[in-house]
$ cat target07.cif   # mmCIF, C-alpha atoms
data_query
#
loop_
_atom_site.label_atom_id
_atom_site.label_comp_id
_atom_site.auth_asym_id
_atom_site.auth_seq_id
_atom_site.Cartn_x
_atom_site.Cartn_y
_atom_site.Cartn_z
CA MET A 215 0.00 0.00 0.00
CA THR A 216 1.40 3.43 -0.93
CA GLU A 217 1.56 6.19 1.60
CA THR A 218 -1.31 7.99 -0.14
CA ASP A 219 -3.49 4.89 0.00
CA LEU A 220 -2.68 4.44 3.64
CA LYS A 221 -3.61 8.04 4.39
CA GLN A 222 -6.86 7.70 2.47
CA ALA A 223 -7.73 4.46 4.28
CA THR A 224 -6.89 6.02 7.64
CA MET A 225 -9.10 8.99 6.82
CA GLN A 226 -12.04 6.67 6.15
CA TYR A 227 -11.38 4.72 9.30
CA VAL A 228 -11.13 7.85 11.43
CA THR A 229 -14.40 9.09 9.90
CA ARG A 230 -16.09 5.85 11.04
CA LEU A 231 -14.92 6.47 14.59
CA GLY A 232 -16.12 10.06 14.38
CA ASP A 233 -19.50 8.92 13.04
CA ASP A 234 -19.94 6.46 15.92
CA SER A 235 -19.12 9.21 18.40
CA ILE A 236 -21.32 11.97 17.03
CA ILE A 237 -24.39 9.82 16.41
CA LEU A 238 -24.27 8.29 19.87
CA SER A 239 -23.62 11.73 21.37
CA HIS A 240 -26.70 13.11 19.65
CA ARG A 241 -28.87 10.21 20.79
CA ILE A 242 -27.80 10.62 24.40
CA SER A 243 -28.26 14.38 24.22
CA GLU A 244 -31.93 13.84 23.39
CA TRP A 245 -32.39 13.07 27.08
CA CYS A 246 -31.59 16.69 27.95
CA SER A 247 -34.43 17.91 30.18
CA ASN A 248 -36.10 14.48 29.82
CA GLY A 249 -33.92 12.54 32.28
CA PRO A 250 -35.60 10.64 35.13
CA PHE A 251 -34.21 13.12 37.64
CA LEU A 252 -31.91 16.13 37.58
CA GLU A 253 -28.63 14.41 38.44
CA GLU A 254 -29.23 11.74 35.84
CA ASP A 255 -30.07 14.39 33.28
CA LEU A 256 -26.72 16.06 33.97
CA ALA A 257 -24.86 12.76 33.90
CA LEU A 258 -26.25 11.87 30.48
CA GLN A 259 -25.28 15.26 29.08
CA ASN A 260 -21.77 14.86 30.47
CA VAL A 261 -21.44 11.53 28.69
CA ALA A 262 -22.88 13.02 25.49
CA LEU A 263 -20.32 15.80 25.71
CA ASP A 264 -17.45 13.32 26.02
CA PHE A 265 -18.62 11.61 22.82
CA LEU A 266 -19.06 14.95 21.08
CA GLY A 267 -15.50 15.82 21.99
CA ARG A 268 -14.28 12.58 20.46
CA ALA A 269 -16.29 13.25 17.32
CA ARG A 270 -14.65 16.65 16.99
CA MET A 271 -11.16 15.22 17.42
CA TYR A 272 -11.81 12.45 14.88
CA PHE A 273 -13.48 14.72 12.30
CA THR A 274 -10.78 17.36 12.63
CA TYR A 275 -8.19 14.68 12.07
CA ALA A 276 -10.08 13.14 9.14
CA ALA A 277 -10.25 16.56 7.50
CA GLU A 278 -6.54 17.03 8.04
CA LEU A 279 -5.75 13.61 6.51
CA GLU A 280 -7.96 14.37 3.56
CA GLY A 281 -6.24 17.71 3.02
CA GLU A 282 -8.96 19.22 0.87
CA GLY A 283 -9.89 22.06 3.16
CA ARG A 284 -12.98 20.49 4.72
CA THR A 285 -13.58 21.09 8.41
CA GLU A 286 -15.14 19.10 11.24
CA ASP A 287 -18.43 20.89 10.52
CA ASP A 288 -18.47 19.65 6.93
CA PHE A 289 -18.17 16.10 8.22
CA ALA A 290 -20.88 16.54 10.84
CA TYR A 291 -23.41 18.68 9.02
CA LEU A 292 -23.00 18.25 5.30
CA ARG A 293 -23.07 14.52 4.78
CA ASP A 294 -26.24 12.54 4.17
CA GLU A 295 -27.18 9.21 5.71
CA ARG A 296 -25.58 7.06 3.02
CA GLN A 297 -22.30 8.84 3.67
CA TYR A 298 -22.48 8.19 7.42
CA THR A 299 -20.66 5.03 8.43
CA ASN A 300 -21.57 4.67 12.11
CA LEU A 301 -22.44 1.31 13.62
CA LEU A 302 -26.21 0.87 13.67
CA ILE A 303 -26.42 0.41 17.44
CA ASN A 304 -25.51 4.08 17.88
CA GLU A 305 -28.40 5.41 15.78
CA LEU A 306 -31.23 3.39 17.33
CA PRO A 307 -33.81 5.54 19.13
CA ARG A 308 -33.45 6.02 22.83
CA VAL A 309 -36.88 4.37 23.42
CA ASP A 310 -36.92 4.28 27.24
CA PHE A 311 -34.26 4.68 29.90
CA ALA A 312 -33.63 0.92 29.94
CA HIS A 313 -32.83 0.89 26.21
CA THR A 314 -30.52 3.85 26.64
CA MET A 315 -28.65 2.18 29.50
CA ALA A 316 -28.46 -1.26 27.84
CA ARG A 317 -26.94 0.32 24.72
CA GLN A 318 -24.58 2.29 26.90
CA LEU A 319 -23.48 -0.87 28.70
CA PHE A 320 -22.76 -2.69 25.43
CA VAL A 321 -20.91 0.28 23.96
CA ASP A 322 -19.02 1.16 27.15
CA VAL A 323 -17.70 -2.38 27.61
CA PHE A 324 -16.71 -2.40 23.95
CA ASN A 325 -14.98 0.99 24.21
CA THR A 326 -13.10 -0.03 27.33
CA LEU A 327 -11.52 -2.87 25.35
CA PHE A 328 -11.24 -1.02 22.05
CA LEU A 329 -9.58 2.14 23.39
CA GLN A 330 -7.11 0.10 25.39
CA GLN A 331 -5.91 -1.30 22.05
CA GLN A 332 -6.10 2.05 20.27
CA LEU A 333 -3.53 3.34 22.77
CA GLN A 334 -1.04 1.12 20.95
CA SER A 335 -1.86 2.50 17.50
CA LYS A 336 1.12 3.54 15.40
CA ASP A 337 -0.93 6.57 14.43
CA GLU A 338 0.00 9.16 17.04
CA THR A 339 -3.26 11.10 16.87
CA LEU A 340 -5.37 7.98 17.31
CA ALA A 341 -3.23 6.96 20.27
CA ALA A 342 -3.57 10.45 21.77
CA VAL A 343 -7.36 10.48 21.42
CA ALA A 344 -7.50 7.05 23.02
CA ALA A 345 -5.40 8.22 25.95
CA LYS A 346 -8.00 10.85 26.75
CA ALA A 347 -11.08 8.79 25.94
CA VAL A 348 -10.07 5.64 27.81
CA LYS A 349 -10.12 7.51 31.09
CA GLU A 350 -13.55 8.99 30.44
CA THR A 351 -14.93 5.62 29.41
CA ARG A 352 -14.05 4.12 32.78
CA TYR A 353 -16.49 6.57 34.33
CA HIS A 354 -19.12 5.83 31.69
CA LEU A 355 -18.89 2.09 32.24
CA ARG A 356 -19.10 2.30 35.98
CA ARG A 357 -22.34 4.20 35.63
CA SER A 358 -23.94 1.99 32.96
CA HIS A 359 -22.88 -1.06 34.98
CA GLU A 360 -24.56 0.32 38.10
CA TRP A 361 -27.73 1.22 36.23
CA THR A 362 -27.91 -2.25 34.67
CA LEU A 363 -27.78 -3.79 38.13
CA ARG A 364 -30.29 -1.35 39.52
CA LEU A 365 -32.82 -1.82 36.73
CA GLY A 366 -32.23 -5.54 36.10
CA ASP A 367 -32.30 -6.47 39.75
CA GLY A 368 -34.95 -3.88 40.61
CA THR A 369 -38.74 -4.06 40.36
CA ALA A 370 -40.63 -6.46 38.11
CA GLU A 371 -41.32 -3.53 35.76
CA SER A 372 -37.70 -2.34 35.58
CA HIS A 373 -36.45 -5.91 35.17
CA GLN A 374 -38.83 -6.53 32.27
CA ARG A 375 -37.92 -3.28 30.55
CA MET A 376 -34.21 -3.97 30.92
CA GLN A 377 -34.62 -7.51 29.58
CA ASN A 378 -36.62 -6.18 26.61
CA ALA A 379 -33.89 -3.65 25.90
CA VAL A 380 -31.13 -6.27 26.04
CA ASP A 381 -33.13 -8.57 23.74
CA ASN A 382 -33.93 -5.76 21.27
CA LEU A 383 -30.35 -4.55 21.04
CA TRP A 384 -28.47 -7.83 21.08
CA GLY A 385 -28.61 -8.40 17.32
CA TYR A 386 -26.97 -5.01 16.77
CA THR A 387 -23.93 -5.79 18.91
CA HIS A 388 -22.33 -8.20 16.41
CA GLU A 389 -21.54 -5.41 13.99
CA MET A 390 -19.12 -3.92 16.53
CA PHE A 391 -16.79 -6.87 15.92
CA ASP A 392 -16.85 -6.92 12.11
CA VAL A 393 -13.58 -6.27 10.35
CA ASP A 394 -13.76 -5.45 6.64
CA ALA A 395 -10.97 -5.16 4.05
CA LEU A 396 -10.31 -1.52 4.90
CA GLU A 397 -9.82 -2.26 8.58
CA GLN A 398 -7.82 -5.40 7.85
CA GLN A 399 -5.28 -3.33 5.90
CA LEU A 400 -5.03 -0.84 8.71
CA ILE A 401 -4.73 -3.55 11.34
CA GLU A 402 -1.78 -4.94 9.41
CA ALA A 403 -0.28 -1.45 9.30
CA GLY A 404 -0.59 -1.22 13.10
CA ILE A 405 -3.08 1.65 12.90
CA ALA A 406 -6.55 0.17 13.44
CA VAL A 407 -7.80 -1.97 16.30
CA ASP A 408 -8.64 -5.58 15.55
CA SER A 409 -12.15 -5.42 16.94
CA ALA A 410 -12.96 -9.02 15.95
CA ALA A 411 -10.44 -10.17 18.55
CA LEU A 412 -12.30 -8.28 21.29
CA ARG A 413 -15.54 -10.27 21.15
CA PRO A 414 -14.62 -13.08 23.61
CA GLN A 415 -13.63 -10.57 26.29
CA TRP A 416 -16.65 -8.40 25.56
CA LEU A 417 -19.00 -11.35 25.81
CA GLU A 418 -17.43 -12.53 29.05
CA LYS A 419 -17.71 -9.11 30.68
CA VAL A 420 -21.24 -8.40 29.44
CA THR A 421 -22.41 -11.88 30.45
CA ALA A 422 -21.02 -11.36 33.94
CA ILE A 423 -22.80 -8.01 34.35
CA LEU A 424 -26.13 -9.20 32.91
CA THR A 425 -26.05 -12.31 35.08
CA GLU A 426 -25.28 -10.24 38.15
CA ALA A 427 -28.29 -8.09 37.22
CA THR A 428 -30.48 -11.25 37.05
CA LEU A 429 -30.92 -10.72 33.32
CA THR A 430 -30.77 -13.41 30.65
CA VAL A 431 -28.08 -13.23 27.99
CA PRO A 432 -29.92 -13.53 24.65
CA GLU A 433 -29.16 -16.23 22.11
CA ASP A 434 -27.47 -15.16 18.89
CA SER A 435 -30.54 -15.75 16.74
CA TRP A 436 -30.51 -12.63 14.54
CA VAL A 437 -28.02 -10.04 13.37
CA VAL A 438 -28.35 -6.66 11.66
CA ARG A 439 -25.43 -5.14 9.78
CA GLY A 440 -24.82 -2.29 7.34
CA GLY A 441 -23.68 0.86 9.11
CA ARG A 442 -20.10 0.75 7.92
CA THR A 443 -21.23 0.60 4.29
CA GLY A 444 -23.79 3.36 4.66
CA TYR A 445 -26.90 1.16 4.88
CA HIS A 446 -28.82 2.47 7.83
CA THR A 447 -32.04 1.98 9.71
CA GLU A 448 -34.80 4.47 9.12
CA ASN A 449 -33.81 6.22 12.33
CA LEU A 450 -30.63 7.85 11.09
CA GLY A 451 -32.36 10.07 8.55
CA HIS A 452 -34.62 11.49 11.23
CA LEU A 453 -31.68 12.07 13.54
CA LEU A 454 -29.70 13.89 10.85
CA THR A 455 -32.71 16.02 9.95
CA GLU A 456 -32.73 17.39 13.45
CA MET A 457 -28.96 17.53 13.96
CA GLN A 458 -28.16 19.20 10.64
CA PHE A 459 -31.14 21.50 10.27
CA LEU A 460 -29.62 24.68 11.63
CA HIS A 461 -26.40 24.36 9.71
CA ARG A 462 -28.17 23.60 6.45
CA ALA A 463 -30.69 26.41 6.91
CA HIS A 464 -28.00 28.93 7.82
CA PRO A 465 -24.73 27.67 6.31
CA GLY A 466 -21.66 28.70 8.26
CA VAL A 467 -23.66 30.44 10.98
CA THR A 468 -21.71 31.34 14.14
CA TRP A 469 -22.61 33.01 17.41
CA MET B 285 -12.43 16.46 62.90
CA THR B 286 -9.50 14.61 61.39
CA SER B 287 -6.75 16.49 59.68
CA SER B 288 -7.06 16.74 55.95
CA ILE B 289 -5.08 14.43 53.70
CA SER B 290 -4.44 17.36 51.42
CA ASP B 291 -2.56 19.12 54.21
CA ILE B 292 0.19 16.55 53.92
CA PRO B 293 2.85 18.18 51.75
CA VAL B 294 3.09 15.50 49.08
CA VAL B 295 3.03 16.45 45.43
CA SER B 296 2.52 14.18 42.44
CA ASN B 297 5.43 13.33 40.19
CA ALA B 298 3.48 14.76 37.28
CA TRP B 299 3.21 18.10 39.06
CA ALA B 300 6.88 18.11 40.02
CA GLU B 301 7.81 17.57 36.37
CA ARG B 302 5.59 20.43 35.24
CA LEU B 303 7.09 22.77 37.81
CA GLN B 304 10.59 21.80 36.80
CA HIS B 305 9.77 22.39 33.15
CA ARG B 306 8.53 25.87 33.96
CA GLN B 307 11.50 26.68 36.16
CA GLN B 308 13.92 25.69 33.40
CA SER B 309 12.15 27.80 30.80
CA GLN B 310 14.11 30.44 28.88
CA VAL B 311 11.15 32.84 29.17
CA PRO B 312 10.02 32.82 32.82
CA GLU B 313 8.40 36.26 32.37
CA LEU B 314 5.93 34.80 29.86
CA TRP B 315 4.84 32.08 32.24
CA ASP B 316 4.38 34.69 34.96
CA MET B 317 2.44 36.91 32.61
CA LEU B 318 -0.04 34.14 31.74
CA ASP B 319 -0.67 33.39 35.41
CA VAL B 320 -3.49 35.94 35.22
CA VAL B 321 -5.43 33.89 32.65
CA ASN B 322 -8.06 31.91 34.49
CA ASP B 323 -10.24 28.94 33.65
CA PRO B 324 -13.55 30.28 32.29
CA GLU B 325 -15.59 27.65 34.14
CA VAL B 326 -13.69 27.65 37.43
CA PRO B 327 -12.38 31.23 37.52
CA ALA B 328 -10.63 30.62 40.84
CA LEU B 329 -7.98 28.65 38.97
CA SER B 330 -5.41 29.88 36.51
CA LEU B 331 -4.76 27.79 33.41
CA TRP B 332 -1.39 27.03 34.94
CA ASP B 333 -2.97 25.80 38.19
CA LEU B 334 -5.36 23.62 36.21
CA GLY B 335 -2.59 22.05 34.15
CA VAL B 336 -4.13 23.14 30.86
CA LEU B 337 -1.20 25.43 30.07
CA CYS B 338 1.41 22.94 28.86
CA ASP B 339 4.24 24.84 27.31
CA LEU B 340 5.31 28.09 25.75
CA HIS B 341 8.12 29.17 23.56
CA LYS B 342 9.49 32.35 22.03
CA ASP B 343 11.49 31.99 18.83
CA GLU B 344 14.38 34.12 17.60
CA TYR B 345 12.00 36.47 15.76
CA GLY B 346 9.96 37.08 18.88
CA LYS B 347 7.00 34.90 17.88
CA VAL B 348 5.32 33.36 20.90
CA THR B 349 3.78 29.89 20.69
CA VAL B 350 1.63 28.62 23.56
CA TRP B 351 0.43 25.02 23.87
CA ILE B 352 -2.69 24.13 25.81
CA THR B 353 -4.47 20.80 26.25
CA PRO B 354 -8.19 20.14 26.84
CA THR B 355 -9.23 18.65 30.16
CA TYR B 356 -11.97 16.38 28.79
CA SER B 357 -12.45 15.43 25.12
CA GLY B 358 -15.54 17.58 24.91
CA CYS B 359 -14.30 20.49 27.00
CA PRO B 360 -16.34 23.41 25.64
CA ALA B 361 -14.06 25.95 27.30
CA ILE B 362 -11.00 25.31 25.16
CA SER B 363 -11.69 27.99 22.55
CA THR B 364 -12.45 30.55 25.26
CA MET B 365 -9.14 29.67 26.89
CA GLN B 366 -7.41 30.16 23.57
CA ASP B 367 -9.05 33.59 23.12
CA ASP B 368 -8.16 34.64 26.67
CA ILE B 369 -4.49 33.77 26.20
CA GLU B 370 -4.40 35.63 22.89
CA SER B 371 -5.97 38.71 24.49
CA GLU B 372 -3.40 38.66 27.24
CA LEU B 373 -0.53 38.37 24.77
CA ALA B 374 -1.97 41.21 22.68
CA ARG B 375 -2.45 43.33 25.78
CA ALA B 376 1.21 42.80 26.66
CA GLY B 377 2.18 44.15 23.26
CA PHE B 378 2.97 40.97 21.35
CA ASN B 379 2.02 41.02 17.68
CA ASP B 380 3.09 37.60 16.59
CA TYR B 381 1.68 34.72 18.60
CA GLU B 382 -0.15 31.45 18.22
CA VAL B 383 -2.03 29.28 20.69
CA LYS B 384 -1.97 25.62 19.76
CA THR B 385 -3.94 22.73 21.20
CA LYS B 386 -2.29 19.39 21.76
CA LEU B 387 -3.80 16.11 22.90
CA ALA B 388 -0.82 14.13 24.14
CA PRO B 389 0.09 13.54 26.84
CA ALA B 390 -3.51 13.39 28.06
CA TRP B 391 -4.45 15.87 30.75
CA THR B 392 -4.65 14.46 34.25
CA THR B 393 -5.75 15.95 37.58
CA ASP B 394 -2.26 15.05 38.82
CA TRP B 395 -1.17 18.22 37.01
CA LEU B 396 -3.18 20.45 39.34
CA SER B 397 -0.85 22.69 41.27
CA PRO B 398 -0.91 22.47 45.10
CA GLU B 399 -1.93 26.12 44.98
CA GLY B 400 -4.73 25.20 42.59
CA ARG B 401 -5.98 22.47 44.93
CA ARG B 402 -6.10 25.00 47.76
CA LYS B 403 -7.91 27.57 45.60
CA LEU B 404 -10.45 24.97 44.49
CA ARG B 405 -11.32 24.21 48.10
CA GLU B 406 -11.64 27.89 48.94
CA TYR B 407 -13.94 28.28 45.95
CA GLY B 408 -16.18 25.53 47.35
CA ILE B 409 -15.06 22.65 45.14
CA ALA B 410 -13.42 19.61 46.73
CA PRO B 411 -10.11 18.83 44.98
CA PRO B 412 -9.52 15.29 43.67
CA THR B 413 -8.51 12.69 46.18
CA GLN B 414 -5.13 11.33 45.22
CA SER B 415 -4.52 7.66 44.65
CA ALA B 416 -2.20 7.76 47.64
CA CYS B 417 -5.23 7.86 49.96
CA GLY B 418 -6.36 4.36 49.07
CA ASN B 419 -8.70 5.21 46.22
CA ALA B 420 -6.97 2.61 44.10
CA SER B 421 -9.41 2.56 41.18
CA GLY B 422 -8.98 6.31 40.69
CA LEU B 423 -12.74 6.66 40.23
CA THR B 424 -14.97 8.85 42.37
CA PRO B 425 -15.52 7.36 45.85
CA GLU B 426 -19.07 6.94 47.17
CA PHE B 427 -18.33 8.48 50.55
CA GLY B 428 -15.76 10.46 52.44
CA VAL B 429 -14.65 13.26 50.12
CA GLU B 430 -13.82 16.12 52.47
CA CYS B 431 -16.47 18.86 52.49
CA PRO B 432 -14.93 22.14 51.27
CA HIS B 433 -17.33 24.10 53.50
CA CYS B 434 -16.96 22.48 56.94
CA SER B 435 -14.11 19.97 56.34
CA SER B 436 -16.21 17.04 57.51
CA SER B 437 -15.41 13.68 55.91
CA ASP B 438 -18.94 12.42 56.54
CA THR B 439 -20.13 13.04 52.99
CA LYS B 440 -21.92 11.07 50.30
CA ARG B 441 -21.90 11.04 46.53
CA LEU B 442 -25.13 12.26 44.92
CA SER B 443 -24.09 11.89 41.30
CA GLU B 444 -21.08 10.63 39.39
CA PHE B 445 -21.40 13.56 37.02
CA GLY B 446 -21.90 17.16 38.08
CA SER B 447 -22.34 20.61 36.60
CA THR B 448 -19.41 20.22 34.21
CA ALA B 449 -17.55 17.25 32.75
CA CYS B 450 -14.79 17.52 35.32
CA LYS B 451 -16.99 17.34 38.42
CA ALA B 452 -19.15 14.98 40.47
CA LEU B 453 -21.80 16.03 42.98
CA PHE B 454 -21.57 15.36 46.72
CA GLN B 455 -23.47 16.27 49.85
CA CYS B 456 -22.15 16.75 53.36
CA ASN B 457 -23.99 14.88 56.13
CA ASP B 458 -22.77 17.37 58.75
CA CYS B 459 -23.42 20.80 57.27
CA HIS B 460 -25.88 19.40 54.66
CA GLU B 461 -24.43 21.55 51.90
CA ALA B 462 -24.17 20.06 48.44
CA PHE B 463 -20.79 20.57 46.80
CA ASP B 464 -18.90 19.81 43.63
CA TYR B 465 -16.02 17.36 43.64
CA PHE B 466 -13.30 17.73 41.01
CA LYS B 467 -13.03 14.19 39.65
CA GLN B 468 -9.74 12.42 39.51
CA ILE B 469 -8.87 11.49 35.96
#
$ encode --input "target07.cif" --output "structure tokens"
Amino acid sequence: MTETDLKQATMQYVTRLGDDSIILSHRISEWCSNGPFLEEDLALQNVALDFLGRARMYFTYAAELEGEGRTEDDFAYLRDERQYTNLLINELPRVDFAHTMARQLFVDVFNTLFLQQQLQSKDETLAAVAAKAVKETRYHLRRSHEWTLRLGDGTAESHQRMQNAVDNLWGYTHEMFDVDALEQQLIEAGIAVDSAALRPQWLEKVTAILTEATLTVPEDSWVVRGGRTGYHTENLGHLLTEMQFLHRAHPGVTW
Amino acid sequence: MTSSISDIPVVSNAWAERLQHRQQSQVPELWDMLDVVNDPEVPALSLWDLGVLCDLHKDEYGKVTVWITPTYSGCPAISTMQDDIESELARAGFNDYEVKTKLAPAWTTDWLSPEGRRKLREYGIAPPTQSACGNASGLTPEFGVECPHCSSSDTKRLSEFGSTACKALFQCNDCHEAFDYFKQI
């Protein structure tokens, strides 16, 4: 692979990571003023902000790698759903608090493992972002872990809602461990994380937490994929409509 | 009331290295000059105290370059900090300057100056407990962060996340005041 190819591949990979971060950030931010109580409302916005910060770092870096004068805003606001390459789990609606926390648990456990590997990336910027994010993720995971226990091992109602959430989301977790040709090249170059290798540890950790929360680990009976190639659920278009509206209505607006 | 752990004059290695770096600088007057630039969200602290001000340099043509680092990935204050430093440099008569942001090494609360920890407490925010006090995980404890108002250690955590990304929320069981705790990270 030539240096230009490598740069181009890295740019696409970094955009994926940025897409995951911004879409999840936006979903979590929808809880603003809708949280179950004030402290939880604040906590969710803090987590959303951490993901937004990651998105900005990734998009800024992707723009730099691309070298065509685009900015982080172009990546966030001026791409349509087929150009977004986030994992589907991040775009699913928040539904209820149980769904939000179950997704957070799956993603937080994944990120704990993923970022630990990204620290070793030969790409200095990716390693630097990971060094910041890995510390924040420890806080995220502790909270989603605690909420999973509280809801799973709580009332009959909270248990049922948490189990429904786990069942509804389970088929979207497999995509987190897919490695395509682009990522394979970058893994070989020491830049990308081999996420396929993380599944056994992820499953072990998630199984332990769900079991502790008296929840049942679902069987792997169905799988949905497509985010990395731009095939999304219906939900992403609605999300982008809201997220991009201001920028598209008033291009380049600042305040 | 037990004596405060933060009264014990122990500083982190990370802080000692920062201080040494500043003391060995060729342009001590620039560091001193920027001591007046405070954190926009916790104005009791200077950017130096907070550890956000990483390095500065003046080249042979007189151009000043300042490096800062964000606390959290999503720190919304970073551009304000950048503006504030630029204003201060302009006010001091510099024409050629640049404020750059760098990500590595990642910011840590170990970079807080001892002075900064004291100022935080005076401002009503409990400074981070250091790993030396048995908080091995480094995460926010559930109990026992010293109340910045009455110094009681009989306190409880209300929320892991507080009014900004860098804080958690506590309440004192003695004076009943709620207070922010600057999370260790």
$ closest_atom_pairs --input "target07.cif" --of "chain A" --to "chain B" --cutoff "9 Å" --atoms "all atoms listed in the file" --output "Markdown table"
| residue | atom | partner | partner_atom | distance |
| --- | --- | --- | --- | --- |
| A:Glu253 | CA | B:Ser443 | CA | 5.9 |
| A:Glu254 | CA | B:Ser443 | CA | 7.5 |
| A:Leu256 | CA | B:Gly446 | CA | 6.4 |
| A:Ala257 | CA | B:Phe445 | CA | 4.7 |
| A:Leu258 | CA | B:Phe445 | CA | 8.3 |
| A:Gln259 | CA | B:Ala449 | CA | 8.8 |
| A:Asn260 | CA | B:Ala449 | CA | 5.4 |
| A:Val261 | CA | B:Ala449 | CA | 8.0 |
| A:Ala262 | CA | B:Gly358 | CA | 8.7 |
| A:Leu263 | CA | B:Gly358 | CA | 5.2 |
| A:Asp264 | CA | B:Gly358 | CA | 4.8 |
| A:Phe265 | CA | B:Gly358 | CA | 7.0 |
| A:Leu266 | CA | B:Gly358 | CA | 5.8 |
| A:Gly267 | CA | B:Gly358 | CA | 3.4 |
| A:Arg268 | CA | B:Ser357 | CA | 5.8 |
| A:Ala269 | CA | B:Gly358 | CA | 8.8 |
| A:Arg270 | CA | B:Gly358 | CA | 8.0 |
| A:Met271 | CA | B:Ser357 | CA | 7.8 |
| A:Glu338 | CA | B:Ala388 | CA | 8.7 |
| A:Thr339 | CA | B:Leu387 | CA | 7.9 |
| A:Ala341 | CA | B:Ala388 | CA | 8.5 |
| A:Ala342 | CA | B:Ala388 | CA | 5.2 |
| A:Val343 | CA | B:Leu387 | CA | 6.8 |
| A:Ala345 | CA | B:Ala390 | CA | 5.9 |
| A:Lys346 | CA | B:Ala390 | CA | 5.3 |
| A:Ala347 | CA | B:Ser357 | CA | 6.8 |
| A:Lys349 | CA | B:Ile469 | CA | 6.4 |
| A:Glu350 | CA | B:Ile469 | CA | 7.7 |
| A:Arg352 | CA | B:Leu423 | CA | 8.0 |
| A:Tyr353 | CA | B:Leu423 | CA | 7.0 |
| A:Arg356 | CA | B:Leu423 | CA | 8.8 |
| A:Arg357 | CA | B:Glu444 | CA | 7.6 |
$ write_last_selection --input "target07.cif" --atoms "C-alpha atoms" --output "JSON list (two decimals), keeping the file's coordinate frame"
[["chain", "number", "residue", "atom", "x", "y", "z"],
["A", 253, "GLU", "CA", -28.63, 14.41, 38.44],
["A", 254, "GLU", "CA", -29.23, 11.74, 35.84],
["A", 256, "LEU", "CA", -26.72, 16.06, 33.97],
["A", 257, "ALA", "CA", -24.86, 12.76, 33.90],
["A", 258, "LEU", "CA", -26.25, 11.87, 30.48],
["A", 259, "GLN", "CA", -25.28, 15.26, 29.08],
["A", 260, "ASN", "CA", -21.77, 14.86, 30.47],
["A", 261, "VAL", "CA", -21.44, 11.53, 28.69],
["A", 262, "ALA", "CA", -22.88, 13.02, 25.49],
["A", 263, "LEU", "CA", -20.32, 15.80, 25.71],
["A", 264, "ASP", "CA", -17.45, 13.32, 26.02],
["A", 265, "PHE", "CA", -18.62, 11.61, 22.82],
["A", 266, "LEU", "CA", -19.06, 14.95, 21.08],
["A", 267, "GLY", "CA", -15.50, 15.82, 21.99],
["A", 268, "ARG", "CA", -14.28, 12.58, 20.46],
["A", 269, "ALA", "CA", -16.29, 13.25, 17.32],
["A", 270, "ARG", "CA", -14.65, 16.65, 16.99],
["A", 271, "MET", "CA", -11.16, 15.22, 17.42],
["A", 338, "GLU", "CA", 0.00, 9.16, 17.04],
["A", 339, "THR", "CA", -3.26, 11.10, 16.87],
["A", 341, "ALA", "CA", -3.23, 6.96, 20.27],
["A", 342, "ALA", "CA", -3.57, 10.45, 21.77],
["A", 343, "VAL", "CA", -7.36, 10.48, 21.42],
["A", 345, "ALA", "CA", -5.40, 8.22, 25.95],
["A", 346, "LYS", "CA", -8.00, 10.85, 26.75],
["A", 347, "ALA", "CA", -11.08, 8.79, 25.94],
["A", 349, "LYS", "CA", -10.12, 7.51, 31.09],
["A", 350, "GLU", "CA", -13.55, 8.99, 30.44],
["A", 352, "ARG", "CA", -14.05, 4.12, 32.78],
["A", 353, "TYR", "CA", -16.49, 6.57, 34.33],
["A", 356, "ARG", "CA", -19.10, 2.30, 35.98],
["A", 357, "ARG", "CA", -22.34, 4.20, 35.63]]
$ closest_residue --input "target07.cif" --among "A:Leu279, A:Ile242, A:Met215, A:Met376" --to "Thr229 in chain A" --atoms "all atoms listed in the file"
A:Leu279
$ resolve_selection --input "target07.cif" --expression "the PyMOL selection byres ((chain B and resi 337) around 8)" --output "number ranges by chain"
B: 331-332, 334-336, 338-339, 350-353
$ write_last_selection --input "target07.cif" --atoms "C-alpha atoms" --output "mmCIF file, keeping the file's coordinate frame"
data_model
loop_
_atom_site.group_PDB
_atom_site.id
_atom_site.type_symbol
_atom_site.label_atom_id
_atom_site.label_comp_id
_atom_site.auth_asym_id
_atom_site.auth_seq_id
_atom_site.Cartn_x
_atom_site.Cartn_y
_atom_site.Cartn_z
ATOM 1 C CA LEU B 331 -4.760 27.790 33.410
ATOM 2 C CA TRP B 332 -1.390 27.030 34.940
ATOM 3 C CA LEU B 334 -5.360 23.620 36.210
ATOM 4 C CA GLY B 335 -2.590 22.050 34.150
ATOM 5 C CA VAL B 336 -4.130 23.140 30.860
ATOM 6 C CA CYS B 338 1.410 22.940 28.860
ATOM 7 C CA ASP B 339 4.240 24.840 27.310
ATOM 8 C CA VAL B 350 1.630 28.620 23.560
ATOM 9 C CA TRP B 351 0.430 25.020 23.870
ATOM 10 C CA ILE B 352 -2.690 24.130 25.810
ATOM 11 C CA THR B 353 -4.470 20.800 26.250
#
$ resolve_selection --input "target07.cif" --expression "the PyMOL selection byres ((chain B and resi 330) around 10)" --output "list of chain:residue names"
B:Leu318, B:Asp319, B:Val320, B:Val321, B:Asn322, B:Asp323, B:Pro324, B:Val326, B:Pro327, B:Ala328, B:Leu329, B:Leu331, B:Trp332, B:Asp333, B:Leu334, B:Gly335, B:Val336, B:Leu337, B:Ser397, B:Glu399, B:Gly400, B:Lys403
$ resolve_selection --input "target07.cif" --expression "the PyMOL selection byres ((chain A and resi 429) around 8)" --output "PyMOL selection string"
chain A and resi 366-367+373+376-377+424-428+430-431
